[in-house]
2 protein chains.
Amino acid sequence: MKKLTIRDIAELAGVGKSTVSRVLNNDPKVKTETQTKIREIIKEVGYKPSAVARAMNNQPIKSIGIVVTRLSSSAENQALSEIIDFFHQHEYEVLVLESRYDSELLNTHIELMVQKQVEGIIFFGFTDQGLVNKELFNGNIVMIAVEQPGISSVTTNSPLAVKHCFEYLKTHGARNIAFLGVHESDIQTGKLRLDAYKEACATHKTKPIIYLTDMEYADGVKGCKALLKAGADAVICGTERLTGGALVHLLREGKSDLPVAAVGINDYIRILNPGIFAADLQYAKVGKEAAVLLFQKMKGNNKNTDTVVEPLMTELAEL
Amino acid sequence: MKKLTIRDIAELAGVGKSTVSRVLNNDPKVKTETQTKIREIIKEVGYKPSAVARAMNNQPIKSIGIVVTRLSSSAENQALSEIIDFFHQHEYEVLVLESRYDSELLNTHIELMVQKQVEGIIFFGFTDQGLVNKELFNGNIVMIAVEQPGISSVTTNSPLAVKHCFEYLKTHGARNIAFLGVHESDIQTGKLRLDAYKEACATHKTKPIIYLTDMEYADGVKGCKALLKAGADAVICGTERLTGGALVHLLREGKSDLPVAAVGINDYIRILNPGIFAADLQYAKVGKEAAVLLFQKMKGNNKNTDTVVEPLMTELAEL
DNA sequence: CTGAAAGCGCTTACAG
DNA sequence: CTGAAAGCGCTTACAG
């Protein structure tokens with residue numbers, strides 16, 4: 001059974017190809033009877049127009065690209081899931097690639113997307129990504145996590161999350177509130193959050209107790225230990241993994257009553273400490289916003305927007 | 001600056017379009033000098049042939065589809081990462097969709113892929129997915145986790161993982177080895193592993209102690225508690241999340257010395273119990289195998305293979 | 001309201 | 001070794 005073309009449908013319907021094409025494109029000028037007849041035939045024989053042939057006439061293949069840094073990041077795959085879902089519903093193809101925090105790889109990916117002629121891209125930014133050419137994709141670009149002049153972005157408000165964490169602990173009687181975070185060399189995950197902590201300390205005239213480290217659970221364990229030694233009676237954890245590590249340490253030492261507040265939340269953290277005060281950075285919402293933003297741009301709204309998704313504060317109930 | 005076409009290159013080079021096309025397609029019949037000249041011009045002006053126009057002439061757009069059940073599953077995103085990487089290296093587009101354990105959604109996705117004319121698909125199977133039409137995509141289909149006659153598959157050997165867990169605990173002196181698993185209604189994650197446990201019990205003439213539950217961390221906590229009450233002096237955890245829950249429970253109760261063996265391993269589990277005996281189901285390898293398998297099929301190797309990836313046993317060192 | 005014709009950017013059999 | 005021509009399956013301006 002060979003592939004059906006518009007010509008076959010035209011013959012079956014006894015009309016010209018142009019008319020079939022018009023029906024396919026919902027041209028209202030076609031007589032209603034003709035329309036219904038053609039539609040019936042199309043349905044009957046299961047004809048699907050070739051996206052490729054349409055693309056030849058500047059009806060671009062509806063597709064977008066998205067570059068995450070790591071698929072294994074739960075924050076990113078939450079966002080990714082929303083983005084895929086959104087564009088899938090709008091009948092877009094979604095191409096997914098991983099940059100692995102490598103700016104060269106990111107650029108290769110972007111180049112590839114240009115070649116594939118996707119209509120727009122969304123990508124997760126990171127500290128050393130370099131500047132992105134904002135002319136690409138007719139400016140249909142949305143960055144997540146990082147801002148760049150001239151490009152729309154969606155970011156989380158992690159500094160506010162830190163601030164809330166601080167204040168929560170403060171109002172619950174903590175005196176030496178420590179910060180367990182990522183090295184300052186990482187702007188988004190490190191510096192921004194650290195600065196917010198320092199500012200909170202200044203506001204409350206408190207002496208900072210700081211431990212900066214890498215991203216792994218084990219770093220959280222070590223960091224928490226060090227902070228306790230330094231006299232902390234409450235800890236703000238700057239990332240999900242650090243929170244995980246810290247909570248495990250506390251559990252192991254039988255110190256689970258030590259107040260902890262966390263930037264970012266997931267099931268893992270929840271089960272380790274059901275009563276934790278946490279700021280949900282809302283990555284699902286971030287993804288949704290980014291998708292909507294890109295979609296609007298592609299529809300012609302060409303002003304740039306920097307959206308900030310506010311954290312959701314959750315003082316979780318005891319199980 | 002308008003889009004360059006093959007005609008522009010032909011004019012610049014002073015040759016016919018056909019010749020340029022031949023160079024593009026590495027036709028050896030073109031004189032070497034002509035080739036180099038054309039290639040230089042192409043490079044110079046940065047001409048990229050239109051994939052769409054090529055597709056019109058049955059040079060299919062190189063693309064494959066992949067359907068995961070949940071992007072948030074670390075097992076799946078490990079495999080996904082490998083698959084994307086592999087096909088990206090072979091210059092394929094990769095379309096990613098989520099089925100969410102919904103067989104209707106899976107079928108919609110598959111239909112979409114058919115329409116998009118991807119050359120093949122890989123998807124993660126699940127218990128109620130229903131039969132997949134093996135004629136689709138010229139038979140270029142690879143299923144992960146589930147087997148179906150006539151379709152190539154890649155599965156993990158989780159029963160063997162359970163067996164090893166049992167034997168490990170046994171040889172380390174445990175007498176009442178319990179099993180914490182998922183309900184039998186889930187074939188892959190539930191029944192298969194449970195059966196392996198029962199068989200091990202029979203072999204070792206041991207009375208089974210079983211607790212079956214859902215997939216969440218909290219279920220692992222509850223289950224572990226129940227099993228201890230039932231007299232277990234060692235526990236085999238059937239999934240990563242259940243392991244996580246169980247270990248948290250033990251940590252909380254100060255019973256971290258209770259021997260636990262786990263089917264599946266990740267950083268989270270590692271940090272909770274660095275010395276745990278675990279069977280790594282090797283999902284990265286699963287993804288790689290699936291990718292290679294699909295690629296071979298697309299290259300014309302049309303016999304079906306059911307690959308089983310063996311678990312990797314890890315008795316982890318103390319931190 | 002509808003059809004014939006030209007065109008989108010390539011490939012390739014054919015003729016030279 | 002190379003070019004002119006036909007064709008891939010659509011869209012759309014043009015003429016009716």
# chains A, B, ... in the order shown; residues from 1 in each chain; ligands from 1
>>> residues_around(residues="D:DG3", least_positions_apart="4", cutoff="12 Å", atoms="only C-alpha atoms (C1' of nucleotides)", output="list in words")
Ala10, Gly14, Val15, Gly16, Lys17, Ser18, Thr19, Val20 and Ser21 of chain B; DC14, DA15 and DG16 of chain C
>>> write_last_selection(atoms="N, CA and C atoms (P, O5', C5', C4', C3', O3' and C1' of nucleotides)", output="mmCIF file, in the first residue's frame")
data_model
loop_
_atom_site.group_PDB
_atom_site.id
_atom_site.type_symbol
_atom_site.label_atom_id
_atom_site.label_comp_id
_atom_site.auth_asym_id
_atom_site.auth_seq_id
_atom_site.Cartn_x
_atom_site.Cartn_y
_atom_site.Cartn_z
ATOM 1 N N ALA B 10 25.900 26.698 -6.898
ATOM 2 C CA ALA B 10 26.199 26.312 -8.285
ATOM 3 C C ALA B 10 26.669 27.527 -9.071
ATOM 4 N N GLY B 14 30.224 28.184 -10.636
ATOM 5 C CA GLY B 14 30.200 28.072 -12.086
ATOM 6 C C GLY B 14 29.945 26.659 -12.572
ATOM 7 N N VAL B 15 29.139 25.920 -11.825
ATOM 8 C CA VAL B 15 28.784 24.547 -12.235
ATOM 9 C C VAL B 15 27.266 24.390 -12.162
ATOM 10 N N GLY B 16 26.807 23.202 -12.455
ATOM 11 C CA GLY B 16 25.365 22.946 -12.387
ATOM 12 C C GLY B 16 24.944 22.532 -10.992
ATOM 13 N N LYS B 17 23.642 22.653 -10.720
ATOM 14 C CA LYS B 17 23.127 22.243 -9.416
ATOM 15 C C LYS B 17 23.434 20.773 -9.139
ATOM 16 N N SER B 18 23.319 19.976 -10.187
ATOM 17 C CA SER B 18 23.524 18.531 -10.009
ATOM 18 C C SER B 18 24.891 18.241 -9.420
ATOM 19 N N THR B 19 25.880 18.976 -9.935
ATOM 20 C CA THR B 19 27.240 18.721 -9.472
ATOM 21 C C THR B 19 27.371 19.075 -7.994
ATOM 22 N N VAL B 20 26.815 20.188 -7.633
ATOM 23 C CA VAL B 20 26.859 20.564 -6.224
ATOM 24 C C VAL B 20 26.187 19.477 -5.386
ATOM 25 N N SER B 21 25.037 19.054 -5.843
ATOM 26 C CA SER B 21 24.305 18.019 -5.120
ATOM 27 C C SER B 21 25.165 16.773 -4.964
ATOM 28 P P DC C 14 16.868 5.834 -16.650
ATOM 29 O "O5'" DC C 14 17.384 7.015 -17.592
ATOM 30 C "C5'" DC C 14 16.526 8.146 -17.820
ATOM 31 C "C4'" DC C 14 17.271 9.154 -18.662
ATOM 32 C "C3'" DC C 14 18.111 8.536 -19.778
ATOM 33 O "O3'" DC C 14 17.684 9.077 -21.021
ATOM 34 C "C1'" DC C 14 19.349 10.174 -18.587
ATOM 35 P P DA C 15 18.278 8.478 -22.363
ATOM 36 O "O5'" DA C 15 19.161 9.700 -22.862
ATOM 37 C "C5'" DA C 15 18.674 11.047 -22.684
ATOM 38 C "C4'" DA C 15 19.818 11.992 -22.943
ATOM 39 C "C3'" DA C 15 20.728 11.562 -24.112
ATOM 40 O "O3'" DA C 15 20.931 12.683 -24.963
ATOM 41 C "C1'" DA C 15 22.018 11.944 -22.169
ATOM 42 P P DG C 16 21.799 12.547 -26.286
ATOM 43 O "O5'" DG C 16 23.225 13.115 -25.890
ATOM 44 C "C5'" DG C 16 23.307 14.476 -25.438
ATOM 45 C "C4'" DG C 16 24.621 14.652 -24.757
ATOM 46 C "C3'" DG C 16 25.832 14.391 -25.649
ATOM 47 O "O3'" DG C 16 26.436 15.633 -25.945
ATOM 48 C "C1'" DG C 16 26.131 13.603 -23.434
#
>>> interface_residues(of="chain B", to="chain C", cutoff="12 Å", atoms="only C-alpha atoms (C1' of nucleotides)", output="list in words")
Lys3, Leu4, Thr5, Ile6, Arg7, Asp8, Lys17, Ser18, Thr19, Val20, Ser21, Arg22, Val23, Leu24, Asn25, Asp27, Lys48, Pro49, Ser50, Ala51, Val52, Ala53, Arg54, Ala55, Met56, Asn57, Asn58 and Gln59 of chain B
>>> interface_residues(of="chain B", to="chain A", cutoff="7 Å", atoms="only C-alpha atoms", output="PDB file with N, CA, C and O atoms, in the first residue's frame")
ATOM      1  N   VAL B  52      14.861  19.523   4.876  1.00  0.00           N
ATOM      2  CA  VAL B  52      13.487  19.336   4.418  1.00  0.00           C
ATOM      3  C   VAL B  52      13.444  19.002   2.933  1.00  0.00           C
ATOM      4  O   VAL B  52      12.752  18.081   2.504  1.00  0.00           O
ATOM      5  N   ALA B  53      14.224  19.750   2.162  1.00  0.00           N
ATOM      6  CA  ALA B  53      14.226  19.483   0.717  1.00  0.00           C
ATOM      7  C   ALA B  53      14.793  18.097   0.435  1.00  0.00           C
ATOM      8  O   ALA B  53      14.307  17.381  -0.440  1.00  0.00           O
ATOM      9  N   ALA B  55      14.555  15.634   2.385  1.00  0.00           N
ATOM     10  CA  ALA B  55      13.542  14.673   2.824  1.00  0.00           C
ATOM     11  C   ALA B  55      12.497  14.452   1.743  1.00  0.00           C
ATOM     12  O   ALA B  55      11.901  13.377   1.645  1.00  0.00           O
ATOM     13  N   MET B  56      12.282  15.470   0.917  1.00  0.00           N
ATOM     14  CA  MET B  56      11.308  15.326  -0.165  1.00  0.00           C
ATOM     15  C   MET B  56      11.717  14.217  -1.123  1.00  0.00           C
ATOM     16  O   MET B  56      10.896  13.658  -1.828  1.00  0.00           O
ATOM     17  N   LEU B  71       9.931  11.086  33.398  1.00  0.00           N
ATOM     18  CA  LEU B  71      11.255  11.711  33.357  1.00  0.00           C
ATOM     19  C   LEU B  71      11.869  11.773  34.742  1.00  0.00           C
ATOM     20  O   LEU B  71      13.085  11.833  34.889  1.00  0.00           O
ATOM     21  N   SER B  72      11.023  11.768  35.764  1.00  0.00           N
ATOM     22  CA  SER B  72      11.556  11.917  37.114  1.00  0.00           C
ATOM     23  C   SER B  72      12.151  10.622  37.651  1.00  0.00           C
ATOM     24  O   SER B  72      12.757  10.605  38.705  1.00  0.00           O
ATOM     25  N   SER B  74      14.916   8.145  38.089  1.00  0.00           N
ATOM     26  CA  SER B  74      16.347   8.265  37.837  1.00  0.00           C
ATOM     27  C   SER B  74      16.824   7.118  36.954  1.00  0.00           C
ATOM     28  O   SER B  74      17.703   7.289  36.114  1.00  0.00           O
ATOM     29  N   ASN B  77      15.955   8.287  33.453  1.00  0.00           N
ATOM     30  CA  ASN B  77      16.716   9.368  32.846  1.00  0.00           C
ATOM     31  C   ASN B  77      18.187   9.031  32.657  1.00  0.00           C
ATOM     32  O   ASN B  77      18.847   9.604  31.789  1.00  0.00           O
ATOM     33  N   GLN B  78      18.666   8.056  33.399  1.00  0.00           N
ATOM     34  CA  GLN B  78      20.009   7.539  33.093  1.00  0.00           C
ATOM     35  C   GLN B  78      20.033   6.918  31.710  1.00  0.00           C
ATOM     36  O   GLN B  78      20.903   7.184  30.888  1.00  0.00           O
ATOM     37  N   SER B  81      19.518   9.492  28.912  1.00  0.00           N
ATOM     38  CA  SER B  81      20.701  10.279  28.650  1.00  0.00           C
ATOM     39  C   SER B  81      21.627   9.559  27.671  1.00  0.00           C
ATOM     40  O   SER B  81      22.149  10.149  26.721  1.00  0.00           O
ATOM     41  N   GLU B  93      17.877  13.268  15.113  1.00  0.00           N
ATOM     42  CA  GLU B  93      16.999  14.001  16.009  1.00  0.00           C
ATOM     43  C   GLU B  93      16.383  13.006  16.977  1.00  0.00           C
ATOM     44  O   GLU B  93      16.066  11.890  16.596  1.00  0.00           O
ATOM     45  N   VAL B  94      16.205  13.425  18.213  1.00  0.00           N
ATOM     46  CA  VAL B  94      15.561  12.540  19.180  1.00  0.00           C
ATOM     47  C   VAL B  94      14.333  13.227  19.750  1.00  0.00           C
ATOM     48  O   VAL B  94      14.425  14.310  20.311  1.00  0.00           O
ATOM     49  N   LEU B  95      13.197  12.604  19.564  1.00  0.00           N
ATOM     50  CA  LEU B  95      11.959  13.148  20.123  1.00  0.00           C
ATOM     51  C   LEU B  95      11.632  12.413  21.415  1.00  0.00           C
ATOM     52  O   LEU B  95      11.592  11.185  21.431  1.00  0.00           O
ATOM     53  N   VAL B  96      11.407  13.161  22.467  1.00  0.00           N
ATOM     54  CA  VAL B  96      11.152  12.540  23.764  1.00  0.00           C
ATOM     55  C   VAL B  96       9.718  12.792  24.215  1.00  0.00           C
ATOM     56  O   VAL B  96       9.225  13.913  24.135  1.00  0.00           O
ATOM     57  N   TYR B 217       8.603   6.633  49.157  1.00  0.00           N
ATOM     58  CA  TYR B 217       9.498   6.524  50.295  1.00  0.00           C
ATOM     59  C   TYR B 217       8.740   6.157  51.568  1.00  0.00           C
ATOM     60  O   TYR B 217       9.150   5.286  52.318  1.00  0.00           O
ATOM     61  N   ALA B 218       7.608   6.835  51.767  1.00  0.00           N
ATOM     62  CA  ALA B 218       6.830   6.602  52.987  1.00  0.00           C
ATOM     63  C   ALA B 218       6.404   5.135  53.101  1.00  0.00           C
ATOM     64  O   ALA B 218       6.323   4.580  54.199  1.00  0.00           O
ATOM     65  N   VAL B 248      15.875   5.133  55.972  1.00  0.00           N
ATOM     66  CA  VAL B 248      15.521   6.264  56.826  1.00  0.00           C
ATOM     67  C   VAL B 248      14.904   5.755  58.133  1.00  0.00           C
ATOM     68  O   VAL B 248      15.241   6.214  59.227  1.00  0.00           O
ATOM     69  N   LEU B 251      17.618   4.382  60.350  1.00  0.00           N
ATOM     70  CA  LEU B 251      18.436   5.457  60.873  1.00  0.00           C
ATOM     71  C   LEU B 251      17.714   6.120  62.048  1.00  0.00           C
ATOM     72  O   LEU B 251      18.295   6.395  63.101  1.00  0.00           O
ATOM     73  N   ARG B 252      16.442   6.352  61.826  1.00  0.00           N
ATOM     74  CA  ARG B 252      15.642   7.007  62.859  1.00  0.00           C
ATOM     75  C   ARG B 252      15.547   6.189  64.138  1.00  0.00           C
ATOM     76  O   ARG B 252      15.546   6.725  65.246  1.00  0.00           O
ATOM     77  N   ILE B 271      24.399   7.408  50.458  1.00  0.00           N
ATOM     78  CA  ILE B 271      24.703   8.292  51.568  1.00  0.00           C
ATOM     79  C   ILE B 271      23.972   7.845  52.838  1.00  0.00           C
ATOM     80  O   ILE B 271      24.470   8.028  53.950  1.00  0.00           O
ATOM     81  N   LEU B 272      22.821   7.220  52.649  1.00  0.00           N
ATOM     82  CA  LEU B 272      22.072   6.737  53.807  1.00  0.00           C
ATOM     83  C   LEU B 272      22.769   5.560  54.468  1.00  0.00           C
ATOM     84  O   LEU B 272      22.715   5.378  55.674  1.00  0.00           O
TER      85      LEU B 272
END
>>> select_by_dssp(residues="stretch 113-163 of chain A", states="alpha helix (DSSP H)", output="PyMOL selection string")
chain A and resi 113-116+158-163
>>> atom_distance(atom1="atom CA of A:Ile110", atom2="atom CA of B:Val68")
24.1 Å
>>> residues_around(residues="A:Leu227", least_positions_apart="4", cutoff="9 Å", atoms="only C-alpha atoms (C1' of nucleotides)", output="PyMOL selection string")
chain A and resi 178-180+209-211+222-223+231-233+235
>>> residues_around(residues="A:Leu294", least_positions_apart="4", cutoff="7 Å", atoms="only C-alpha atoms (C1' of nucleotides)", output="PyMOL selection string")
chain A and resi 140-142+290+298
>>> residues_around(residues="B:Met143", least_positions_apart="5", cutoff="7 Å", atoms="only C-alpha atoms (C1' of nucleotides)", output="list in words")
Ile122, Phe123, Phe124, Gly125, Ser152, Ser153 and Val154 of chain B
>>> atom_distance(atom1="atom CA of B:Glu167", atom2="atom CA of B:Ala200")
8.1 Å
>>> atom_distance(atom1="atom CA of A:Ile66", atom2="atom CA of B:Val67")
16.4 Å
>>> select_by_dssp(residues="stretch 99-245 of chain B", states="strand (DSSP E or B)", output="PyMOL selection string")
chain B and resi 120-124+141-144+148+151-156+177-182+209-213+234-237
